[in-house]
Amino acid sequence: MRTRLPIFALLTLASAGPVVAQNLGAFIESRVPKAPTAVMGDGKVQLIYELRITNYGPDRALTQIEVLGNGAGAPLLTIPGEDLKKVIRLIGPQPGAAADARVVPVGRSATLFLQVTLADAKSVPTSLRHRVVSALADSVAQSRRDTTLTAGVSVLQPGPMVIASPFGGGGGAWVAVNGPGNTSGHRRTLIPIGGLARIPQRFGTDWIKLGPEGAPFHGDSTVNANWYGYGTPIVAVAHGKVVEVKDGIIENVPLSPKMAVPITLETVGGNHVILEIGPGVYAFYAHLQPGSLKVKLGDFVSRGAPIGLLGNSGNSTAPHLHMHVGDQGSPLGCEGIPFVFDQFQLLGRVKGVDQEEVWKATQPAVSKSRELPMENQVVLFPK
């Protein structure tokens, strides 16, 4: 007589093999949508990327994440308990204020925004694995934990492309508003286009110029020309080919809640240019002045060649240059990839840029080479 084993017995038998470490209690999938490239920022090596977790079982609460270099040894990064709430975002409707932000309901996905900081290039591993510790959401206070060790993901080689300043002529301090960092709004914006959800602005920056007194404008802040960066010549950061041009979008009134045109995928970047500056490397310049563009589709340009003038068009509340580098020739249909400037001087950092804040230097300028300015750092580019 044949005996039919219940499903729970089949799972018990299966767990006698190598899958014991998975504990089979955590039916979650973990993957890295875009493998990281090591980039120098804040004087150290940074690995900035995401871990996407999808839950196929009962509601689960994440209790700890560990990042393992080359799949072994001491973790490069450990994010325990409450700290996970700072780096996790549930895809879709957000939990209420009283809910535990670490809970991933059945059938839902969450993104973990990871930033691993290493001392130097010698510390960069060739691959990463992730140890995901979780518990059933209704028993998170109990001792039972399930651990999932993810598959390895390679750290991409070669390193980031070296580019020049996007600003032509003149001097002045520039603030890397919403620049690369784990709390940047650019960093945390997933955009689904063409059937894929990507983070095109992962390393994007809104460059705002400061005047001699440390403010971004003088006089009436609702006049574009009163912003110090307005009209700054924008130039090619490397030799490249023009693969997209958009012109003719009227400009916004600074700090107005209403945009001059409806914001769509076509108008979000305002008047903009995309340069192909390497195989799978595209530089995106956004929010330029209408009628100021100096290039046309198909042009080949040299490093330092005029592109246009800094303006306030598209999804922009004040004159600035939004710039990021992606792996596709599309403003937002790409994954953001890191880059470094050949040289700049670091002057300090601001908490943010608004109408009231006036920045003052509190440290000597520090020369930087082949580094990426991070979120809200104040820098001076070569003239």
# chains A, B, ... in the order shown; residues from 1 in each chain; ligands from 1

$ residues_around --residues "range 327-344 of chain A" --least-positions-apart "4" --cutoff "9 Å" --atoms "only C-alpha atoms" --output "PyMOL selection string"
chain A and resi 34+36-41+48+159-165+191-194+196-204+237+243-244+265+268-269+272-276+279-286+366-373+379-382

$ write_last_selection --atoms "C-alpha atoms" --output "PDB file, in the first residue's frame"
ATOM      1  CA  LYS A  34      21.838  46.876 -11.441  1.00  0.00           C
ATOM      2  CA  PRO A  36      27.393  48.195  -8.687  1.00  0.00           C
ATOM      3  CA  THR A  37      30.554  49.852  -9.963  1.00  0.00           C
ATOM      4  CA  ALA A  38      33.027  51.103  -7.370  1.00  0.00           C
ATOM      5  CA  VAL A  39      33.280  54.898  -7.404  1.00  0.00           C
ATOM      6  CA  MET A  40      35.337  57.303  -5.320  1.00  0.00           C
ATOM      7  CA  GLY A  41      33.269  59.762  -3.265  1.00  0.00           C
ATOM      8  CA  ILE A  48      25.871  52.363  -4.421  1.00  0.00           C
ATOM      9  CA  GLY A 159      35.607  51.577 -13.152  1.00  0.00           C
ATOM     10  CA  PRO A 160      33.549  54.690 -13.881  1.00  0.00           C
ATOM     11  CA  MET A 161      34.248  56.979 -16.819  1.00  0.00           C
ATOM     12  CA  VAL A 162      36.331  60.094 -16.155  1.00  0.00           C
ATOM     13  CA  ILE A 163      34.705  63.301 -17.418  1.00  0.00           C
ATOM     14  CA  ALA A 164      35.347  67.053 -17.335  1.00  0.00           C
ATOM     15  CA  SER A 165      33.270  69.821 -15.788  1.00  0.00           C
ATOM     16  CA  ILE A 191      10.706  54.892 -12.972  1.00  0.00           C
ATOM     17  CA  PRO A 192       9.040  52.105 -15.017  1.00  0.00           C
ATOM     18  CA  ILE A 193       9.492  52.797 -18.742  1.00  0.00           C
ATOM     19  CA  GLY A 194       9.319  50.261 -21.557  1.00  0.00           C
ATOM     20  CA  LEU A 196      11.366  47.909 -16.821  1.00  0.00           C
ATOM     21  CA  ALA A 197      11.568  49.776 -13.523  1.00  0.00           C
ATOM     22  CA  ARG A 198      14.925  51.535 -13.340  1.00  0.00           C
ATOM     23  CA  ILE A 199      16.701  54.278 -11.408  1.00  0.00           C
ATOM     24  CA  PRO A 200      18.040  56.604 -14.112  1.00  0.00           C
ATOM     25  CA  GLN A 201      19.103  59.324 -11.658  1.00  0.00           C
ATOM     26  CA  ARG A 202      21.014  57.041  -9.276  1.00  0.00           C
ATOM     27  CA  PHE A 203      24.047  59.351  -9.606  1.00  0.00           C
ATOM     28  CA  GLY A 204      22.173  62.417 -10.861  1.00  0.00           C
ATOM     29  CA  VAL A 237      32.086  66.652 -20.594  1.00  0.00           C
ATOM     30  CA  VAL A 243      21.861  61.299 -29.846  1.00  0.00           C
ATOM     31  CA  GLU A 244      18.923  63.397 -28.573  1.00  0.00           C
ATOM     32  CA  LEU A 265       8.039  62.070 -20.403  1.00  0.00           C
ATOM     33  CA  VAL A 268      10.254  66.473 -17.909  1.00  0.00           C
ATOM     34  CA  GLY A 269      13.876  67.284 -18.857  1.00  0.00           C
ATOM     35  CA  HIS A 272      17.879  68.936 -23.110  1.00  0.00           C
ATOM     36  CA  VAL A 273      20.722  67.156 -24.864  1.00  0.00           C
ATOM     37  CA  ILE A 274      22.026  63.593 -24.622  1.00  0.00           C
ATOM     38  CA  LEU A 275      25.600  62.797 -25.637  1.00  0.00           C
ATOM     39  CA  GLU A 276      26.903  59.295 -26.250  1.00  0.00           C
ATOM     40  CA  PRO A 279      29.954  52.433 -25.400  1.00  0.00           C
ATOM     41  CA  GLY A 280      26.831  52.255 -23.238  1.00  0.00           C
ATOM     42  CA  VAL A 281      27.625  55.626 -21.616  1.00  0.00           C
ATOM     43  CA  TYR A 282      25.292  58.606 -22.155  1.00  0.00           C
ATOM     44  CA  ALA A 283      25.484  62.066 -20.556  1.00  0.00           C
ATOM     45  CA  PHE A 284      22.115  63.785 -20.048  1.00  0.00           C
ATOM     46  CA  TYR A 285      21.907  67.599 -19.705  1.00  0.00           C
ATOM     47  CA  ALA A 286      18.491  68.941 -18.644  1.00  0.00           C
ATOM     48  CA  VAL A 366      40.668  70.311  -0.830  1.00  0.00           C
ATOM     49  CA  SER A 367      41.819  69.281  -4.305  1.00  0.00           C
ATOM     50  CA  LYS A 368      40.118  66.179  -5.659  1.00  0.00           C
ATOM     51  CA  SER A 369      40.980  64.021  -8.654  1.00  0.00           C
ATOM     52  CA  ARG A 370      38.856  61.311 -10.268  1.00  0.00           C
ATOM     53  CA  GLU A 371      36.156  61.589  -7.653  1.00  0.00           C
ATOM     54  CA  LEU A 372      32.383  62.077  -7.643  1.00  0.00           C
ATOM     55  CA  PRO A 373      30.915  64.999  -5.644  1.00  0.00           C
ATOM     56  CA  VAL A 379      32.692  72.341  -5.170  1.00  0.00           C
ATOM     57  CA  LEU A 380      34.747  74.590  -7.391  1.00  0.00           C
ATOM     58  CA  PHE A 381      35.522  73.407 -10.921  1.00  0.00           C
ATOM     59  CA  PRO A 382      38.578  74.521 -12.964  1.00  0.00           C
TER      60      PRO A 382
END

$ closest_atom_pairs --of "range 101-188 of chain A" --to "range 230-234 of chain A" --cutoff "12 Å" --atoms "only C-alpha atoms" --output "tab-separated table"
residue	atom	partner	partner_atom	distance
A:Ala164	CA	A:Ile234	CA	11.4
A:Ser165	CA	A:Ile234	CA	9.0
A:Pro166	CA	A:Ile234	CA	5.6
A:Phe167	CA	A:Ile234	CA	4.9
A:Gly168	CA	A:Pro233	CA	5.2
A:Gly169	CA	A:Pro233	CA	7.2
A:Gly170	CA	A:Thr232	CA	8.3
A:Gly171	CA	A:Thr232	CA	10.0
A:Gly172	CA	A:Thr232	CA	10.7
A:Trp174	CA	A:Thr232	CA	11.6

$ write_last_selection --atoms "N, CA and C atoms" --output "tab-separated table (two decimals), in the first residue's frame"
chain	number	residue	atom	x	y	z
A	164	ALA	N	34.97	65.70	-17.72
A	164	ALA	CA	35.35	67.05	-17.34
A	164	ALA	C	34.13	67.80	-16.78
A	165	SER	N	34.36	68.99	-16.29
A	165	SER	CA	33.27	69.82	-15.79
A	165	SER	C	32.28	70.13	-16.91
A	166	PRO	N	30.98	70.19	-16.60
A	166	PRO	CA	30.00	70.57	-17.62
A	166	PRO	C	29.84	72.07	-17.78
A	167	PHE	N	30.61	72.86	-17.02
A	167	PHE	CA	30.46	74.31	-17.04
A	167	PHE	C	31.63	74.96	-17.77
A	168	GLY	N	31.31	75.83	-18.71
A	168	GLY	CA	32.35	76.48	-19.49
A	168	GLY	C	32.60	77.89	-19.03
A	169	GLY	N	33.85	78.21	-18.74
A	169	GLY	CA	34.22	79.57	-18.36
A	169	GLY	C	33.74	79.96	-16.99
A	170	GLY	N	34.31	81.04	-16.49
A	170	GLY	CA	33.89	81.56	-15.19
A	170	GLY	C	34.29	80.66	-14.04
A	171	GLY	N	33.94	81.07	-12.85
A	171	GLY	CA	34.22	80.28	-11.67
A	171	GLY	C	32.98	80.18	-10.82
A	172	GLY	N	33.18	80.24	-9.52
A	172	GLY	CA	32.04	80.19	-8.61
A	172	GLY	C	31.81	78.82	-8.05
A	174	TRP	N	29.60	75.61	-6.80
A	174	TRP	CA	28.42	74.86	-7.23
A	174	TRP	C	28.04	73.84	-6.15

$ atom_distance --atom1 "CA of Trp207 in chain A" --atom2 "CA of Asn226 in chain A"
16.0 Å

$ residues_around --residues "Asp247 in chain A" --least-positions-apart "6" --cutoff "12 Å" --atoms "only C-alpha atoms" --output "list in words"
Glu266, Thr267, Gly269, Gly270, Asn271, His272, Val273, Ala286, His287, Leu288, Gln289, Pro290, Gly291, Ser292, Leu293, Lys294, Val295, Lys296, Leu297, Ile307, Gly308, Leu309, Gly311, Ser313 and Gly314 of chain A

$ closest_residue --among "A:Ser139, A:Thr183, A:Ser316, A:Ser154" --to "Pro33 in chain A" --atoms "only C-alpha atoms"
A:Ser154

$ residues_around --residues "Arg102 in chain A" --least-positions-apart "2" --cutoff "10 Å" --atoms "only C-alpha atoms" --output "NGL selection string"
:A and (60-64 or 81-90 or 95 or 99-100 or 104-105 or 110 or 134 or 137)

$ write_last_selection --atoms "N, CA, C and O atoms" --output "short mmCIF file (atom, residue, chain, number, x, y, z; two decimals), in the first residue's frame"
data_model
loop_
_atom_site.label_atom_id
_atom_site.label_comp_id
_atom_site.auth_asym_id
_atom_site.auth_seq_id
_atom_site.Cartn_x
_atom_site.Cartn_y
_atom_site.Cartn_z
N ARG A 60 6.20 39.15 5.83
CA ARG A 60 7.46 38.97 6.55
C ARG A 60 8.06 40.33 6.89
O ARG A 60 7.94 41.30 6.14
N ALA A 61 8.74 40.38 8.03
CA ALA A 61 9.46 41.57 8.46
C ALA A 61 10.95 41.32 8.33
O ALA A 61 11.47 40.32 8.83
N LEU A 62 11.64 42.20 7.64
CA LEU A 62 13.09 42.09 7.53
C LEU A 62 13.71 42.54 8.85
O LEU A 62 13.33 43.58 9.40
N THR A 63 14.64 41.77 9.38
CA THR A 63 15.24 42.10 10.67
C THR A 63 16.74 42.41 10.59
O THR A 63 17.29 43.03 11.49
N GLN A 64 17.38 41.99 9.50
CA GLN A 64 18.80 42.34 9.33
C GLN A 64 19.23 42.02 7.90
O GLN A 64 18.78 41.04 7.31
N GLY A 81 17.84 45.65 12.49
CA GLY A 81 16.60 46.12 13.08
C GLY A 81 16.05 47.43 12.58
O GLY A 81 15.69 47.60 11.41
N GLU A 82 15.98 48.40 13.50
CA GLU A 82 15.35 49.68 13.21
C GLU A 82 16.04 50.43 12.10
O GLU A 82 15.41 51.23 11.38
N ASP A 83 17.35 50.22 11.91
CA ASP A 83 18.08 50.94 10.86
C ASP A 83 17.58 50.58 9.47
O ASP A 83 17.74 51.36 8.53
N LEU A 84 16.97 49.41 9.33
CA LEU A 84 16.45 49.01 8.03
C LEU A 84 15.34 49.95 7.55
O LEU A 84 15.13 50.12 6.35
N LYS A 85 14.63 50.56 8.49
CA LYS A 85 13.54 51.46 8.12
C LYS A 85 14.04 52.66 7.33
O LYS A 85 13.28 53.27 6.57
N LYS A 86 15.32 52.99 7.48
CA LYS A 86 15.88 54.15 6.80
C LYS A 86 16.23 53.85 5.34
O LYS A 86 16.40 54.78 4.56
N VAL A 87 16.37 52.57 4.99
CA VAL A 87 16.86 52.24 3.65
C VAL A 87 15.86 51.43 2.83
O VAL A 87 16.14 51.07 1.70
N ILE A 88 14.68 51.14 3.38
CA ILE A 88 13.71 50.29 2.68
C ILE A 88 12.55 51.13 2.17
O ILE A 88 12.12 52.08 2.81
N ARG A 89 12.08 50.78 0.99
CA ARG A 89 10.87 51.41 0.45
C ARG A 89 10.02 50.34 -0.21
O ARG A 89 10.47 49.66 -1.14
N LEU A 90 8.80 50.20 0.26
CA LEU A 90 7.86 49.24 -0.30
C LEU A 90 7.38 49.77 -1.64
O LEU A 90 7.05 50.94 -1.79
N PRO A 95 3.01 51.94 3.76
CA PRO A 95 2.37 51.61 5.04
C PRO A 95 2.03 52.87 5.82
O PRO A 95 2.66 53.92 5.63
N ALA A 99 2.61 51.65 11.09
CA ALA A 99 3.00 50.32 10.62
C ALA A 99 4.52 50.16 10.65
O ALA A 99 5.26 51.15 10.64
N ASP A 100 4.96 48.93 10.68
CA ASP A 100 6.39 48.62 10.64
C ASP A 100 6.85 48.68 9.19
O ASP A 100 6.44 47.87 8.36
N VAL A 104 7.22 43.31 4.49
CA VAL A 104 6.93 43.13 3.07
C VAL A 104 5.75 42.17 2.97
O VAL A 104 5.90 40.98 3.22
N PRO A 105 4.56 42.66 2.63
CA PRO A 105 3.38 41.78 2.57
C PRO A 105 3.51 40.74 1.46
O PRO A 105 4.30 40.90 0.52
N ALA A 110 9.93 45.10 -2.21
CA ALA A 110 10.53 46.26 -1.55
C ALA A 110 11.93 46.46 -2.09
O ALA A 110 12.60 45.51 -2.50
N SER A 134 14.91 37.43 8.25
CA SER A 134 13.53 37.91 8.37
C SER A 134 12.76 37.04 9.34
O SER A 134 13.22 35.97 9.76
N ALA A 137 5.73 38.34 10.06
CA ALA A 137 5.37 39.67 10.55
C ALA A 137 4.58 39.63 11.85
O ALA A 137 4.71 40.53 12.69
#

$ select_by_dssp --residues "range 97-167 of chain A" --states "strand (DSSP E or B)" --output "MDAnalysis selection string"
chainID A and resid 103:104 109:118 127:136 146:149 153:154 161:163 167

$ atom_distance --atom1 "CA of His320 in chain A" --atom2 "CA of Ala365 in chain A"
23.1 Å

$ residues_around --residues "Ala121 in chain A" --least-positions-apart "3" --cutoff "8 Å" --atoms "only C-alpha atoms" --output "list in words"
Val45, Leu118 and Val124 of chain A
